[in-house]
Amino acid sequence: MGLTIGVDIGGTKIAAGVVDEEGSILETCKVPTPQATDALTEAIADAVRTVGAGHHIEAVGIGAAGYVDEKRATVLFAPNIDWRHEPLKDKVEQRVGLPVVVENDANAAAWGEYRFGAGQGHSDVICITLGTGLGGGIIIGNKLRRGRFGVAAEFGHIRVVPDGLLCGCGSQGCWEQYASGRALLRYAKQRAFATPENATVLLSLGDGTPDGIQGKHISAAARQGDKVAIDSFRELARWAGAGLADLASLFDPSAFIVGGGVSDEGELVLEPIRKSFRRWLVGNQYRPHAQVLAAQLGGKAGLVGAADLARQG
């Protein structure tokens, strides 16, 4: 199969791109994400038609945040969009006249990294995305593993602290409450409030108060040696690495790929994650250790992965 289109549905924009068999994006377009369900479906179709004009397109892959059924056709539940048992595949196919595959966005990103990014050369890979929340994907034996009902790899909602912090999913103590962009921001604000003398750089980048701290401030302050910012990254890394150690007990991959906005800080966060992973890995002195790698495709992973999954059929 030749060219396919990948669609990445974000909270503020829909990105669509024409992708070739090598994972290269030949053309892209972006449109605002409407709030109304029918308008959103039409916006996806418009993006596909726009970016595909002048190309011979074989199929379309859509990455959507939420639970996607085993047939990769229906969005069973989306946390940030009013989709409940939404037959997205059928609706988009009717509008664009092309075969459509729908996949969870984190699964699509994981597949993109496996095929064209940091996962190349590995047959058994676990991906996690440290963004606003925590998502993931499972590739074992060179296949994306989705579970019987299509909703596997919701790693962010593994409970790591019984009766812990309330999560947006309604449960308590979920992993993403301790290892995510939201968690990083909470750590920084708490530490800046407790020891403002250790957060002078961090506080100066906002309005001078802990409440004024934003995620971008934490990254900038850490690069300048701010103690609170660095300690906040280390706390996030401690939880992230411990969680990877648990996933190693489940899946025994050869590599973990860490993506998402938090991972953009590179070794500032990755090396502490590796240290925590080694610390908590059961039998760590007697077994091979999976590599912990930085994702390579950045924000393109979901679009590229969705397009390639459409190619796989």
# chains A, B, ... in the order shown; residues from 1 in each chain; ligands from 1
>>> closest_atom_pairs(of="segment 112-137 of chain A", to="segment 9-22 of chain A", cutoff="12 Å", atoms="only C-alpha atoms", output="Markdown table")
| residue | atom | partner | partner_atom | distance |
| --- | --- | --- | --- | --- |
| A:Gly112 | CA | A:Glu22 | CA | 10.9 |
| A:Arg115 | CA | A:Glu22 | CA | 9.0 |
| A:Phe116 | CA | A:Glu22 | CA | 7.5 |
| A:Gly117 | CA | A:Glu22 | CA | 11.0 |
| A:Thr132 | CA | A:Gly11 | CA | 11.6 |
>>> write_last_selection(atoms="N, CA and C atoms", output="PDB file, in the first residue's frame")
ATOM      1  N   GLY A 112       3.955   4.332  16.029  1.00  0.00           N
ATOM      2  CA  GLY A 112       4.828   5.209  15.253  1.00  0.00           C
ATOM      3  C   GLY A 112       6.270   5.139  15.731  1.00  0.00           C
ATOM      4  N   ARG A 115       7.798   1.668  14.807  1.00  0.00           N
ATOM      5  CA  ARG A 115       8.078   1.471  13.377  1.00  0.00           C
ATOM      6  C   ARG A 115       9.152   2.416  12.852  1.00  0.00           C
ATOM      7  N   PHE A 116       9.119   3.676  13.292  1.00  0.00           N
ATOM      8  CA  PHE A 116       9.966   4.673  12.637  1.00  0.00           C
ATOM      9  C   PHE A 116      10.825   5.495  13.591  1.00  0.00           C
ATOM     10  N   GLY A 117      10.726   5.231  14.887  1.00  0.00           N
ATOM     11  CA  GLY A 117      11.444   6.043  15.858  1.00  0.00           C
ATOM     12  C   GLY A 117      12.381   5.220  16.723  1.00  0.00           C
ATOM     13  N   THR A 132       0.094  15.609  29.852  1.00  0.00           N
ATOM     14  CA  THR A 132      -0.817  16.076  30.898  1.00  0.00           C
ATOM     15  C   THR A 132      -1.224  14.917  31.790  1.00  0.00           C
TER      16      THR A 132
END
>>> residues_around(residues="segment 275-286 of chain A", least_positions_apart="5", cutoff="9 Å", atoms="only C-alpha atoms", output="PDB file with N, CA and C atoms, in the first residue's frame")
ATOM      1  N   ALA A 237      10.306  11.497  38.215  1.00  0.00           N
ATOM      2  CA  ALA A 237      11.101  10.397  37.682  1.00  0.00           C
ATOM      3  C   ALA A 237      11.093   9.195  38.612  1.00  0.00           C
ATOM      4  N   ARG A 238      11.078   9.447  39.920  1.00  0.00           N
ATOM      5  CA  ARG A 238      11.042   8.351  40.885  1.00  0.00           C
ATOM      6  C   ARG A 238       9.792   7.503  40.675  1.00  0.00           C
ATOM      7  N   TRP A 239       8.652   8.156  40.520  1.00  0.00           N
ATOM      8  CA  TRP A 239       7.396   7.439  40.315  1.00  0.00           C
ATOM      9  C   TRP A 239       7.355   6.780  38.934  1.00  0.00           C
ATOM     10  N   ALA A 240       7.865   7.485  37.924  1.00  0.00           N
ATOM     11  CA  ALA A 240       7.844   6.925  36.571  1.00  0.00           C
ATOM     12  C   ALA A 240       8.708   5.674  36.494  1.00  0.00           C
ATOM     13  N   GLY A 241       9.914   5.737  37.046  1.00  0.00           N
ATOM     14  CA  GLY A 241      10.809   4.588  36.997  1.00  0.00           C
ATOM     15  C   GLY A 241      10.288   3.401  37.773  1.00  0.00           C
ATOM     16  N   ALA A 242       9.679   3.652  38.932  1.00  0.00           N
ATOM     17  CA  ALA A 242       9.101   2.559  39.717  1.00  0.00           C
ATOM     18  C   ALA A 242       7.982   1.880  38.944  1.00  0.00           C
ATOM     19  N   GLY A 243       7.188   2.676  38.237  1.00  0.00           N
ATOM     20  CA  GLY A 243       6.120   2.094  37.429  1.00  0.00           C
ATOM     21  C   GLY A 243       6.664   1.259  36.279  1.00  0.00           C
ATOM     22  N   LEU A 244       7.743   1.705  35.655  1.00  0.00           N
ATOM     23  CA  LEU A 244       8.354   0.917  34.582  1.00  0.00           C
ATOM     24  C   LEU A 244       8.869  -0.422  35.112  1.00  0.00           C
ATOM     25  N   ALA A 245       9.398  -0.414  36.334  1.00  0.00           N
ATOM     26  CA  ALA A 245       9.856  -1.666  36.933  1.00  0.00           C
ATOM     27  C   ALA A 245       8.701  -2.655  37.070  1.00  0.00           C
ATOM     28  N   ASP A 246       7.528  -2.158  37.451  1.00  0.00           N
ATOM     29  CA  ASP A 246       6.348  -3.032  37.536  1.00  0.00           C
ATOM     30  C   ASP A 246       5.951  -3.547  36.156  1.00  0.00           C
ATOM     31  N   ALA A 248       7.926  -4.019  33.697  1.00  0.00           N
ATOM     32  CA  ALA A 248       8.921  -5.013  33.295  1.00  0.00           C
ATOM     33  C   ALA A 248       8.555  -6.388  33.840  1.00  0.00           C
ATOM     34  N   SER A 249       7.997  -6.420  35.047  1.00  0.00           N
ATOM     35  CA  SER A 249       7.558  -7.700  35.610  1.00  0.00           C
ATOM     36  C   SER A 249       6.400  -8.294  34.823  1.00  0.00           C
ATOM     37  N   LEU A 270      15.189  11.677  31.999  1.00  0.00           N
ATOM     38  CA  LEU A 270      15.381  10.277  31.632  1.00  0.00           C
ATOM     39  C   LEU A 270      16.383   9.555  32.521  1.00  0.00           C
ATOM     40  N   VAL A 292      15.890   2.206  28.583  1.00  0.00           N
ATOM     41  CA  VAL A 292      14.900   3.272  28.733  1.00  0.00           C
ATOM     42  C   VAL A 292      15.317   4.380  27.774  1.00  0.00           C
TER      43      VAL A 292
END
>>> residues_around(residues="Asp90 of chain A", least_positions_apart="5", cutoff="9 Å", atoms="only C-alpha atoms", output="ChimeraX atom specification")
/A:73-74,95,100
>>> write_last_selection(atoms="all heavy atoms", output="mmCIF file, in the first residue's frame")
data_model
loop_
_atom_site.group_PDB
_atom_site.id
_atom_site.type_symbol
_atom_site.label_atom_id
_atom_site.label_comp_id
_atom_site.auth_asym_id
_atom_site.auth_seq_id
_atom_site.Cartn_x
_atom_site.Cartn_y
_atom_site.Cartn_z
ATOM 1 N N ALA A 73 -13.199 0.625 15.271
ATOM 2 C CA ALA A 73 -14.250 1.315 14.529
ATOM 3 C C ALA A 73 -15.012 2.315 15.380
ATOM 4 O O ALA A 73 -15.379 3.394 14.912
ATOM 5 C CB ALA A 73 -15.231 0.295 13.947
ATOM 6 N N THR A 74 -15.249 1.982 16.643
ATOM 7 C CA THR A 74 -16.116 2.770 17.511
ATOM 8 C C THR A 74 -15.344 3.302 18.706
ATOM 9 O O THR A 74 -14.609 2.560 19.359
ATOM 10 C CB THR A 74 -17.289 1.900 18.022
ATOM 11 O OG1 THR A 74 -18.036 1.423 16.896
ATOM 12 C CG2 THR A 74 -18.203 2.696 18.937
ATOM 13 N N ARG A 95 -18.046 10.028 4.610
ATOM 14 C CA ARG A 95 -17.739 11.384 4.146
ATOM 15 C C ARG A 95 -16.556 11.457 3.190
ATOM 16 O O ARG A 95 -16.518 12.346 2.336
ATOM 17 C CB ARG A 95 -17.484 12.293 5.364
ATOM 18 C CG ARG A 95 -18.742 12.636 6.147
ATOM 19 C CD ARG A 95 -18.405 13.240 7.498
ATOM 20 N NE ARG A 95 -19.567 13.832 8.155
ATOM 21 C CZ ARG A 95 -20.481 13.159 8.816
ATOM 22 N NH1 ARG A 95 -20.386 11.834 8.909
ATOM 23 N NH2 ARG A 95 -21.507 13.779 9.390
ATOM 24 N N VAL A 100 -11.175 3.461 6.712
ATOM 25 C CA VAL A 100 -10.736 4.185 7.902
ATOM 26 C C VAL A 100 -10.460 3.194 9.035
ATOM 27 O O VAL A 100 -11.228 2.246 9.238
ATOM 28 C CB VAL A 100 -11.804 5.213 8.355
ATOM 29 C CG1 VAL A 100 -11.434 5.822 9.712
ATOM 30 C CG2 VAL A 100 -11.952 6.311 7.308
#
>>> residues_around(residues="segment 157-162 of chain A", least_positions_apart="2", cutoff="8 Å", atoms="only C-alpha atoms", output="ChimeraX atom specification")
/A:154-155,164-165,169,172-176
>>> write_last_selection(atoms="C-alpha atoms", output="short mmCIF file (atom, residue, chain, number, x, y, z; two decimals), in the first residue's frame")
data_model
loop_
_atom_site.label_atom_id
_atom_site.label_comp_id
_atom_site.auth_asym_id
_atom_site.auth_seq_id
_atom_site.Cartn_x
_atom_site.Cartn_y
_atom_site.Cartn_z
CA GLU A 154 -4.27 2.34 30.01
CA PHE A 155 -1.20 2.45 32.21
CA GLY A 164 -4.38 7.94 47.04
CA LEU A 165 -5.00 11.13 45.11
CA CYS A 169 -11.16 8.82 35.93
CA GLN A 172 -7.87 7.10 43.54
CA GLY A 173 -4.12 6.67 43.51
CA CYS A 174 -3.69 6.24 39.73
CA TRP A 175 -0.13 6.26 38.37
CA GLU A 176 -0.72 9.41 36.32
#
>>> residues_around(residues="Ile213 of chain A", least_positions_apart="5", cutoff="8 Å", atoms="only C-alpha atoms", output="list in words")
Leu185, Ala188, Lys189, Leu202, Leu203, Leu205, Gly206, Asp207 and Ile218 of chain A
>>> residues_around(residues="Leu184 of chain A", least_positions_apart="5", cutoff="7 Å", atoms="only C-alpha atoms", output="list in words")
Ser232, Phe233 and Leu236 of chain A
>>> atom_distance(atom1="atom CA of Ala295 of chain A", atom2="atom CA of Asp264 of chain A")
8.8 Å
>>> closest_residue(among="A:Val101, A:Ala108, A:Ala59, A:Val92", to="Asp38 of chain A", atoms="only C-alpha atoms")
A:Val92
>>> select_by_dssp(residues="segment 159-224 of chain A", states="strand (DSSP E or B)", output="PDB file with all heavy atoms, in the first residue's frame")
ATOM      1  N   ARG A 159      -3.536   1.621  39.652  1.00  0.00           N
ATOM      2  CA  ARG A 159      -3.483   2.251  40.982  1.00  0.00           C
ATOM      3  C   ARG A 159      -2.175   1.901  41.675  1.00  0.00           C
ATOM      4  O   ARG A 159      -1.875   0.730  41.906  1.00  0.00           O
ATOM      5  CB  ARG A 159      -4.675   1.819  41.831  1.00  0.00           C
ATOM      6  CG  ARG A 159      -6.000   2.394  41.320  1.00  0.00           C
ATOM      7  CD  ARG A 159      -7.062   2.354  42.395  1.00  0.00           C
ATOM      8  NE  ARG A 159      -7.236   1.000  42.908  1.00  0.00           N
ATOM      9  CZ  ARG A 159      -7.659   0.720  44.135  1.00  0.00           C
ATOM     10  NH1 ARG A 159      -7.931   1.684  44.996  1.00  0.00           N
ATOM     11  NH2 ARG A 159      -7.823  -0.530  44.517  1.00  0.00           N
ATOM     12  N   LEU A 166      -7.173  11.612  44.180  1.00  0.00           N
ATOM     13  CA  LEU A 166      -8.317  11.426  43.286  1.00  0.00           C
ATOM     14  C   LEU A 166      -7.896  11.696  41.847  1.00  0.00           C
ATOM     15  O   LEU A 166      -7.242  12.694  41.552  1.00  0.00           O
ATOM     16  CB  LEU A 166      -9.455  12.367  43.683  1.00  0.00           C
ATOM     17  CG  LEU A 166     -10.739  12.262  42.858  1.00  0.00           C
ATOM     18  CD1 LEU A 166     -11.393  10.900  43.040  1.00  0.00           C
ATOM     19  CD2 LEU A 166     -11.709  13.385  43.244  1.00  0.00           C
ATOM     20  N   GLN A 172      -8.835   6.433  42.671  1.00  0.00           N
ATOM     21  CA  GLN A 172      -7.869   7.102  43.538  1.00  0.00           C
ATOM     22  C   GLN A 172      -6.520   6.408  43.450  1.00  0.00           C
ATOM     23  O   GLN A 172      -6.451   5.179  43.361  1.00  0.00           O
ATOM     24  CB  GLN A 172      -8.334   7.070  45.003  1.00  0.00           C
ATOM     25  CG  GLN A 172      -9.514   7.962  45.304  1.00  0.00           C
ATOM     26  CD  GLN A 172      -9.927   7.846  46.760  1.00  0.00           C
ATOM     27  OE1 GLN A 172     -10.819   7.080  47.099  1.00  0.00           O
ATOM     28  NE2 GLN A 172      -9.285   8.625  47.618  1.00  0.00           N
ATOM     29  N   CYS A 174      -4.145   6.669  41.056  1.00  0.00           N
ATOM     30  CA  CYS A 174      -3.685   6.241  39.733  1.00  0.00           C
ATOM     31  C   CYS A 174      -2.266   6.747  39.459  1.00  0.00           C
ATOM     32  O   CYS A 174      -1.872   7.823  39.903  1.00  0.00           O
ATOM     33  CB  CYS A 174      -4.629   6.751  38.652  1.00  0.00           C
ATOM     34  SG  CYS A 174      -6.274   6.006  38.682  1.00  0.00           S
TER      35      CYS A 174
END
>>> closest_residue(among="A:Thr41, A:Gln214, A:Gln94, A:Thr209", to="Ala192 of chain A", atoms="only C-alpha atoms")
A:Thr209
>>> atom_distance(atom1="atom CA of Ala118 of chain A", atom2="atom CA of Lys30 of chain A")
25.7 Å
>>> closest_residue(among="A:Glu265, A:Glu197, A:Asp8, A:Glu235", to="Lys216 of chain A", atoms="only C-alpha atoms")
A:Glu265
